[in-house]
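Novice: Contents are PDB, N, CA and C atoms; file name model_19.pdb:
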```pdb
ATOM      1  N   MET U   1      -8.416 -97.588  83.634
ATOM      2  CA  MET U   1      -7.335 -98.142  82.848
ATOM      3  C   MET U   1      -6.024 -97.970  83.624
ATOM      4  N   LEU U   2      -5.100 -98.794  83.287
ATOM      5  CA  LEU U   2      -3.819 -98.757  83.962
ATOM      6  C   LEU U   2      -2.889 -97.734  83.313
ATOM      7  N   LEU U   3      -1.930 -97.288  84.079
ATOM      8  CA  LEU U   3      -0.945 -96.329  83.581
ATOM      9  C   LEU U   3      -0.106 -96.947  82.467
ATOM     10  N   ASN U   4       0.144 -98.249  82.556
ATOM     11  CA  ASN U   4       0.976 -98.922  81.550
ATOM     12  C   ASN U   4       0.372 -98.825  80.157
ATOM     13  N   GLU U   5      -0.947 -98.906  80.064
ATOM     14  CA  GLU U   5      -1.595 -98.855  78.750
ATOM     15  C   GLU U   5      -1.421 -97.490  78.101
ATOM     16  N   PHE U   6      -1.525 -96.431  78.894
ATOM     17  CA  PHE U   6      -1.318 -95.091  78.347
ATOM     18  C   PHE U   6       0.133 -94.880  77.944
ATOM     19  N   LEU U   7       1.048 -95.379  78.739
ATOM     20  CA  LEU U   7       2.460 -95.234  78.404
ATOM     21  C   LEU U   7       2.820 -96.027  77.157
ATOM     22  N   LEU U   8       2.221 -97.188  76.990
ATOM     23  CA  LEU U   8       2.468 -97.980  75.783
ATOM     24  C   LEU U   8       1.914 -97.275  74.557
ATOM     25  N   LEU U   9       0.705 -96.727  74.667
ATOM     26  CA  LEU U   9       0.123 -95.970  73.555
ATOM     27  C   LEU U   9       0.993 -94.773  73.199
ATOM     28  N   ALA U  10       1.465 -94.043  74.192
ATOM     29  CA  ALA U  10       2.310 -92.880  73.944
ATOM     30  C   ALA U  10       3.638 -93.290  73.311
ATOM     31  N   ALA U  11       4.196 -94.405  73.738
ATOM     32  CA  ALA U  11       5.461 -94.877  73.165
ATOM     33  C   ALA U  11       5.287 -95.266  71.704
ATOM     34  N   VAL U  12       4.174 -95.915  71.386
ATOM     35  CA  VAL U  12       3.907 -96.301  69.997
ATOM     36  C   VAL U  12       3.723 -95.061  69.127
ATOM     37  N   LEU U  13       2.942 -94.088  69.619
ATOM     38  CA  LEU U  13       2.751 -92.844  68.865
ATOM     39  C   LEU U  13       4.066 -92.103  68.678
ATOM     40  N   PHE U  14       4.897 -92.075  69.713
ATOM     41  CA  PHE U  14       6.191 -91.402  69.613
ATOM     42  C   PHE U  14       7.082 -92.094  68.586
ATOM     43  N   ALA U  15       7.096 -93.412  68.601
ATOM     44  CA  ALA U  15       7.926 -94.155  67.650
ATOM     45  C   ALA U  15       7.455 -93.929  66.216
ATOM     46  N   ILE U  16       6.152 -93.923  65.996
ATOM     47  CA  ILE U  16       5.620 -93.660  64.654
ATOM     48  C   ILE U  16       5.984 -92.246  64.215
ATOM     49  N   GLY U  17       5.898 -91.286  65.138
ATOM     50  CA  GLY U  17       6.251 -89.913  64.809
ATOM     51  C   GLY U  17       7.724 -89.749  64.458
ATOM     52  N   VAL U  18       8.595 -90.377  65.234
ATOM     53  CA  VAL U  18      10.033 -90.297  64.946
ATOM     54  C   VAL U  18      10.347 -90.953  63.616
ATOM     55  N   TYR U  19       9.730 -92.094  63.346
ATOM     56  CA  TYR U  19       9.932 -92.751  62.058
ATOM     57  C   TYR U  19       9.467 -91.847  60.915
ATOM     58  N   GLY U  20       8.337 -91.183  61.103
ATOM     59  CA  GLY U  20       7.827 -90.291  60.072
ATOM     60  C   GLY U  20       8.738 -89.099  59.828
ATOM     61  N   VAL U  21       9.311 -88.542  60.887
ATOM     62  CA  VAL U  21      10.219 -87.404  60.720
ATOM     63  C   VAL U  21      11.489 -87.835  60.000
ATOM     64  N   LEU U  22      12.003 -89.014  60.344
ATOM     65  CA  LEU U  22      13.265 -89.458  59.764
ATOM     66  C   LEU U  22      13.134 -90.004  58.350
ATOM     67  N   SER U  23      11.979 -90.542  57.992
ATOM     68  CA  SER U  23      11.876 -91.218  56.701
ATOM     69  C   SER U  23      11.145 -90.410  55.636
ATOM     70  N   ARG U  24      10.356 -89.435  56.007
ATOM     71  CA  ARG U  24       9.564 -88.693  55.027
ATOM     72  C   ARG U  24      10.353 -87.543  54.447
ATOM     73  N   ARG U  25      10.068 -87.243  53.193
ATOM     74  CA  ARG U  25      10.694 -86.109  52.534
ATOM     75  C   ARG U  25       9.676 -85.011  52.253
ATOM     76  N   ASN U  26       8.413 -85.325  52.406
ATOM     77  CA  ASN U  26       7.356 -84.361  52.185
ATOM     78  C   ASN U  26       7.221 -83.477  53.428
ATOM     79  N   GLY U  27       7.203 -82.161  53.235
ATOM     80  CA  GLY U  27       7.171 -81.237  54.360
ATOM     81  C   GLY U  27       5.919 -81.350  55.202
ATOM     82  N   VAL U  28       4.774 -81.559  54.576
ATOM     83  CA  VAL U  28       3.520 -81.662  55.315
ATOM     84  C   VAL U  28       3.503 -82.930  56.160
ATOM     85  N   LEU U  29       4.008 -84.029  55.630
ATOM     86  CA  LEU U  29       4.045 -85.273  56.405
ATOM     87  C   LEU U  29       5.026 -85.185  57.571
ATOM     88  N   VAL U  30       6.099 -84.426  57.408
ATOM     89  CA  VAL U  30       7.021 -84.212  58.523
ATOM     90  C   VAL U  30       6.322 -83.427  59.630
ATOM     91  N   LEU U  31       5.535 -82.413  59.250
ATOM     92  CA  LEU U  31       4.789 -81.647  60.252
ATOM     93  C   LEU U  31       3.758 -82.521  60.961
ATOM     94  N   MET U  32       3.112 -83.413  60.227
ATOM     95  CA  MET U  32       2.148 -84.317  60.851
ATOM     96  C   MET U  32       2.844 -85.276  61.818
ATOM     97  N   SER U  33       4.050 -85.699  61.477
ATOM     98  CA  SER U  33       4.797 -86.588  62.371
ATOM     99  C   SER U  33       5.210 -85.860  63.642
ATOM    100  N   ILE U  34       5.563 -84.589  63.530
ATOM    101  CA  ILE U  34       5.893 -83.800  64.714
ATOM    102  C   ILE U  34       4.663 -83.652  65.603
ATOM    103  N   GLU U  35       3.491 -83.508  64.991
ATOM    104  CA  GLU U  35       2.255 -83.439  65.775
ATOM    105  C   GLU U  35       2.004 -84.751  66.521
ATOM    106  N   LEU U  36       2.316 -85.881  65.907
ATOM    107  CA  LEU U  36       2.188 -87.171  66.602
ATOM    108  C   LEU U  36       3.099 -87.232  67.819
ATOM    109  N   ILE U  37       4.305 -86.727  67.671
ATOM    110  CA  ILE U  37       5.245 -86.719  68.789
ATOM    111  C   ILE U  37       4.712 -85.849  69.921
ATOM    112  N   LEU U  38       4.213 -84.669  69.580
ATOM    113  CA  LEU U  38       3.682 -83.781  70.612
ATOM    114  C   LEU U  38       2.444 -84.373  71.286
ATOM    115  N   ASN U  39       1.612 -85.067  70.529
ATOM    116  CA  ASN U  39       0.436 -85.702  71.125
ATOM    117  C   ASN U  39       0.823 -86.845  72.057
ATOM    118  N   SER U  40       1.890 -87.557  71.733
ATOM    119  CA  SER U  40       2.336 -88.618  72.635
ATOM    120  C   SER U  40       2.857 -88.027  73.947
ATOM    121  N   VAL U  41       3.502 -86.879  73.862
ATOM    122  CA  VAL U  41       3.949 -86.206  75.082
ATOM    123  C   VAL U  41       2.742 -85.759  75.906
ATOM    124  N   ASN U  42       1.701 -85.263  75.233
ATOM    125  CA  ASN U  42       0.490 -84.859  75.942
ATOM    126  C   ASN U  42      -0.158 -86.042  76.667
ATOM    127  N   ILE U  43      -0.191 -87.189  76.028
ATOM    128  CA  ILE U  43      -0.761 -88.381  76.664
ATOM    129  C   ILE U  43       0.035 -88.737  77.915
ATOM    130  N   ASN U  44       1.355 -88.665  77.820
ATOM    131  CA  ASN U  44       2.188 -88.952  78.993
ATOM    132  C   ASN U  44       1.923 -87.965  80.121
ATOM    133  N   LEU U  45       1.843 -86.683  79.799
ATOM    134  CA  LEU U  45       1.629 -85.678  80.835
ATOM    135  C   LEU U  45       0.289 -85.866  81.532
ATOM    136  N   VAL U  46      -0.749 -86.090  80.753
ATOM    137  CA  VAL U  46      -2.074 -86.266  81.345
ATOM    138  C   VAL U  46      -2.142 -87.565  82.147
ATOM    139  N   ALA U  47      -1.523 -88.624  81.646
ATOM    140  CA  ALA U  47      -1.546 -89.904  82.359
ATOM    141  C   ALA U  47      -0.810 -89.802  83.692
ATOM    142  N   PHE U  48       0.369 -89.200  83.699
ATOM    143  CA  PHE U  48       1.108 -89.064  84.949
ATOM    144  C   PHE U  48       0.425 -88.089  85.899
ATOM    145  N   GLY U  49      -0.187 -87.030  85.350
ATOM    146  CA  GLY U  49      -0.918 -86.105  86.202
ATOM    147  C   GLY U  49      -2.106 -86.764  86.868
ATOM    148  N   THR U  50      -2.823 -87.582  86.129
ATOM    149  CA  THR U  50      -3.959 -88.300  86.704
ATOM    150  C   THR U  50      -3.496 -89.344  87.715
ATOM    151  N   TYR U  51      -2.388 -89.992  87.411
ATOM    152  CA  TYR U  51      -1.851 -91.003  88.323
ATOM    153  C   TYR U  51      -1.443 -90.379  89.655
ATOM    154  N   ASN U  52      -0.873 -89.174  89.607
ATOM    155  CA  ASN U  52      -0.433 -88.494  90.828
ATOM    156  C   ASN U  52      -1.554 -87.695  91.487
ATOM    157  N   GLY U  53      -2.696 -87.575  90.830
ATOM    158  CA  GLY U  53      -3.797 -86.809  91.386
ATOM    159  C   GLY U  53      -3.569 -85.312  91.327
ATOM    160  N   ASP U  54      -2.832 -84.856  90.328
ATOM    161  CA  ASP U  54      -2.466 -83.454  90.201
ATOM    162  C   ASP U  54      -2.958 -82.933  88.845
ATOM    163  N   VAL U  55      -3.230 -81.645  88.762
ATOM    164  CA  VAL U  55      -3.682 -81.064  87.496
ATOM    165  C   VAL U  55      -2.531 -80.431  86.721
ATOM    166  N   ALA U  56      -1.315 -80.556  87.203
ATOM    167  CA  ALA U  56      -0.174 -79.953  86.520
ATOM    168  C   ALA U  56       0.036 -80.584  85.140
ATOM    169  N   GLY U  57      -0.261 -81.856  84.991
ATOM    170  CA  GLY U  57      -0.118 -82.513  83.692
ATOM    171  C   GLY U  57      -1.046 -81.923  82.652
ATOM    172  N   GLN U  58      -2.273 -81.636  83.038
ATOM    173  CA  GLN U  58      -3.221 -81.032  82.100
ATOM    174  C   GLN U  58      -2.810 -79.610  81.738
ATOM    175  N   VAL U  59      -2.257 -78.886  82.693
ATOM    176  CA  VAL U  59      -1.810 -77.514  82.418
ATOM    177  C   VAL U  59      -0.660 -77.524  81.424
ATOM    178  N   PHE U  60       0.306 -78.391  81.634
ATOM    179  CA  PHE U  60       1.418 -78.492  80.700
ATOM    180  C   PHE U  60       0.941 -78.972  79.329
ATOM    181  N   ALA U  61      -0.035 -79.858  79.302
ATOM    182  CA  ALA U  61      -0.578 -80.327  78.027
ATOM    183  C   ALA U  61      -1.231 -79.182  77.253
ATOM    184  N   LEU U  62      -1.917 -78.280  77.964
ATOM    185  CA  LEU U  62      -2.501 -77.115  77.294
ATOM    186  C   LEU U  62      -1.429 -76.217  76.702
ATOM    187  N   PHE U  63      -0.312 -76.046  77.410
ATOM    188  CA  PHE U  63       0.786 -75.259  76.853
ATOM    189  C   PHE U  63       1.369 -75.925  75.606
ATOM    190  N   ILE U  64       1.482 -77.234  75.629
ATOM    191  CA  ILE U  64       2.017 -77.945  74.466
ATOM    192  C   ILE U  64       1.057 -77.841  73.285
ATOM    193  N   ILE U  65      -0.244 -77.857  73.553
ATOM    194  CA  ILE U  65      -1.217 -77.685  72.475
ATOM    195  C   ILE U  65      -1.070 -76.308  71.848
ATOM    196  N   ALA U  66      -0.841 -75.288  72.672
ATOM    197  CA  ALA U  66      -0.640 -73.931  72.142
ATOM    198  C   ALA U  66       0.638 -73.844  71.316
ATOM    199  N   VAL U  67       1.705 -74.471  71.785
ATOM    200  CA  VAL U  67       2.962 -74.483  71.032
ATOM    201  C   VAL U  67       2.787 -75.250  69.722
ATOM    202  N   ALA U  68       2.024 -76.339  69.749
ATOM    203  CA  ALA U  68       1.782 -77.125  68.536
ATOM    204  C   ALA U  68       0.994 -76.311  67.510
ATOM    205  N   ALA U  69       0.041 -75.506  67.979
ATOM    206  CA  ALA U  69      -0.719 -74.665  67.047
ATOM    207  C   ALA U  69       0.183 -73.621  66.407
ATOM    208  N   ALA U  70       1.070 -73.034  67.183
ATOM    209  CA  ALA U  70       2.016 -72.066  66.617
ATOM    210  C   ALA U  70       2.977 -72.747  65.659
ATOM    211  N   GLU U  71       3.390 -73.954  65.999
ATOM    212  CA  GLU U  71       4.306 -74.706  65.124
ATOM    213  C   GLU U  71       3.657 -75.024  63.792
ATOM    214  N   VAL U  72       2.379 -75.345  63.816
ATOM    215  CA  VAL U  72       1.675 -75.640  62.567
ATOM    216  C   VAL U  72       1.603 -74.392  61.698
ATOM    217  N   GLY U  73       1.306 -73.256  62.310
ATOM    218  CA  GLY U  73       1.229 -72.018  61.538
ATOM    219  C   GLY U  73       2.552 -71.644  60.895
ATOM    220  N   VAL U  74       3.621 -71.682  61.676
ATOM    221  CA  VAL U  74       4.937 -71.335  61.144
ATOM    222  C   VAL U  74       5.422 -72.391  60.163
ATOM    223  N   GLY U  75       5.207 -73.651  60.493
ATOM    224  CA  GLY U  75       5.652 -74.732  59.599
ATOM    225  C   GLY U  75       4.957 -74.707  58.254
ATOM    226  N   LEU U  76       3.654 -74.485  58.254
ATOM    227  CA  LEU U  76       2.940 -74.417  56.974
ATOM    228  C   LEU U  76       3.353 -73.194  56.171
ATOM    229  N   ALA U  77       3.666 -72.095  56.843
ATOM    230  CA  ALA U  77       4.162 -70.920  56.127
ATOM    231  C   ALA U  77       5.498 -71.221  55.451
ATOM    232  N   ILE U  78       6.370 -71.924  56.152
ATOM    233  CA  ILE U  78       7.664 -72.292  55.563
ATOM    234  C   ILE U  78       7.473 -73.246  54.397
ATOM    235  N   VAL U  79       6.585 -74.237  54.559
ATOM    236  CA  VAL U  79       6.331 -75.187  53.470
ATOM    237  C   VAL U  79       5.752 -74.472  52.251
ATOM    238  N   LEU U  80       4.853 -73.519  52.470
ATOM    239  CA  LEU U  80       4.295 -72.765  51.348
ATOM    240  C   LEU U  80       5.353 -71.924  50.649
ATOM    241  N   LEU U  81       6.272 -71.334  51.404
ATOM    242  CA  LEU U  81       7.348 -70.565  50.775
ATOM    243  C   LEU U  81       8.284 -71.459  49.976
ATOM    244  N   ILE U  82       8.575 -72.640  50.487
ATOM    245  CA  ILE U  82       9.414 -73.583  49.735
ATOM    246  C   ILE U  82       8.702 -73.991  48.450
ATOM    247  N   TYR U  83       7.398 -74.257  48.554
ATOM    248  CA  TYR U  83       6.646 -74.639  47.362
ATOM    249  C   TYR U  83       6.598 -73.492  46.344
ATOM    250  N   ARG U  84       6.439 -72.282  46.827
ATOM    251  CA  ARG U  84       6.371 -71.130  45.932
ATOM    252  C   ARG U  84       7.684 -70.932  45.186
ATOM    253  N   ASN U  85       8.814 -71.206  45.830
ATOM    254  CA  ASN U  85      10.117 -70.999  45.197
ATOM    255  C   ASN U  85      10.580 -72.185  44.362
ATOM    256  N   ARG U  86      10.258 -73.417  44.775
ATOM    257  CA  ARG U  86      10.815 -74.608  44.115
ATOM    258  C   ARG U  86       9.774 -75.469  43.415
ATOM    259  N   ARG U  87       8.474 -75.195  43.586
ATOM    260  CA  ARG U  87       7.378 -76.002  43.037
ATOM    261  C   ARG U  87       7.419 -77.440  43.518
ATOM    262  N   SER U  88       7.957 -77.625  44.714
ATOM    263  CA  SER U  88       8.008 -78.940  45.345
ATOM    264  C   SER U  88       8.079 -78.719  46.854
ATOM    265  N   ILE U  89       7.485 -79.623  47.625
ATOM    266  CA  ILE U  89       7.584 -79.511  49.079
ATOM    267  C   ILE U  89       8.523 -80.579  49.640
ATOM    268  N   ASP U  90       9.477 -80.983  48.813
ATOM    269  CA  ASP U  90      10.483 -81.943  49.236
ATOM    270  C   ASP U  90      11.442 -81.257  50.204
ATOM    271  N   VAL U  91      11.602 -81.836  51.386
ATOM    272  CA  VAL U  91      12.431 -81.228  52.418
ATOM    273  C   VAL U  91      13.903 -81.261  52.011
ATOM    274  N   ALA U  92      14.288 -82.245  51.212
ATOM    275  CA  ALA U  92      15.690 -82.357  50.793
ATOM    276  C   ALA U  92      16.097 -81.198  49.888
ATOM    277  N   GLU U  93      15.137 -80.571  49.225
ATOM    278  CA  GLU U  93      15.464 -79.447  48.347
ATOM    279  C   GLU U  93      15.485 -78.109  49.096
ATOM    280  N   ALA U  94      15.185 -78.117  50.371
ATOM    281  CA  ALA U  94      15.140 -76.867  51.132
ATOM    282  C   ALA U  94      16.531 -76.259  51.275
ATOM    283  N   ASP U  95      17.577 -77.080  51.291
ATOM    284  CA  ASP U  95      18.912 -76.528  51.412
ATOM    285  C   ASP U  95      19.373 -75.829  50.134
ATOM    286  N   LEU U  96      18.676 -76.020  49.021
ATOM    287  CA  LEU U  96      19.012 -75.343  47.779
ATOM    288  C   LEU U  96      18.564 -73.888  47.782
ATOM    289  N   LEU U  97      17.846 -73.458  48.804
ATOM    290  CA  LEU U  97      17.378 -72.085  48.884
ATOM    291  C   LEU U  97      18.429 -71.148  49.449
ATOM    292  N   LYS U  98      19.595 -71.679  49.810
ATOM    293  CA  LYS U  98      20.657 -70.828  50.334
ATOM    294  C   LYS U  98      21.120 -69.857  49.256
ATOM    295  N   GLY U  99      21.505 -68.663  49.682
ATOM    296  CA  GLY U  99      21.897 -67.622  48.733
ATOM    297  C   GLY U  99      23.305 -67.685  48.289
TER     298      GLY U  99
END
```
Starting from the file, give its structure as structure tokens.

Specialist:
Amino acid sequence: MLLNEFLLLAAVLFAIGVYGVLSRRNGVLVLMSIELILNSVNINLVAFGTYNGDVAGQVFALFIIAVAAAEVGVGLAIVLLIYRNRRSIDVAEADLLKG
């Protein structure tokens, strides 16, 4: 496959992820959109690494996967705390938790 096809796929995934982050109010859907963005970055890294004949892209992709797993853990903990306090996972109500 050509490099252009991977870059187009990554651009589409990135655009969908950005749209999801900006338009969604549900905390879980925002986290899923962030995962789409990170996966599009992984596709770019692996595609450019393969194009250059280097394994550095795969190594960086593994680091991003580890960061994404940590982000999911922390993000879901925050969403659960918001739900426990407000009985809603609406991101717009998160600023009401200020003391």

Novice: Stretch 24-27 of chain U: which residues within 6 Å, counting all atoms listed in the file, same-chain residues fewer than 3 positions away excluded, as number ranges by chain?

Specialist: U: 19-21, 30-31, 89-92

Novice: State, in Å with one decimal place, the distance from atom CA of U:Leu7 to atom C of U:Ile43.

Specialist: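 Pair atom CA of U:Leu7 / atom C of U:Ile43 returns 7.0 Å.
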
Novice: Please report, as a VMD selection string, each residue of chain U to which DSSP assigns alpha helix (DSSP H) when run on this structure's backbone.

Specialist: chain U and resid 3 to 23 27 to 52 56 to 86

Novice: Let me make sure I understand: among U:Gly17, U:Gly49, U:Arg87, U:Leu22, which one has the smallest atom-to-atom distance to U:Leu36 if we use all atoms listed in the file?

Specialist: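 For U:Leu36, the nearest of the given residues is U:Gly17.
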
Novice: Provide the atom C of U:Ile37 to atom C of U:Phe63 distance in Å, to one decimal place.

Specialist: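 Atom C of U:Phe63 lies 11.9 Å from atom C of U:Ile37.
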
Novice: Which residues come within 12 Å of U:Leu8, counting only C-alpha atoms, excluding same-chain residues fewer than 3 positions away, as JSON, numbers by chain?

Specialist: {"U": [2, 3, 4, 5, 11, 12, 13, 14, 15, 40, 41, 43, 44, 47]}

Novice: To one decimal place, how far is atom CA of U:Asn85 from atom C of U:Ile65 in Å?

Specialist: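 Separation of atom CA of U:Asn85 and atom C of U:Ile65: 29.4 Å.
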
Novice: Set the distance at 8 Å and use only C-alpha atoms: which residues neighbour stretch 66-75 of chain U once local chain neighbours fewer than 4 positions away are removed? I'd like the list as a ChimeraX atom specification.

Specialist: /U:31,35,38,62,79

Novice: Using the file's own x, y and z axes, so that the box edges lie along x, y and z, what centre and edge lengths in Å (one decimal) does a box around every listed atom of stretch 75-79 of chain U get when 3 Å is added on each side? Give it as AutoDock Vina command-line options.

Specialist:
```
--center_x 5.3 --center_y -73.1 --center_z 56.4 --size_x 10.7 --size_y 10.3 --size_z 14.2
```
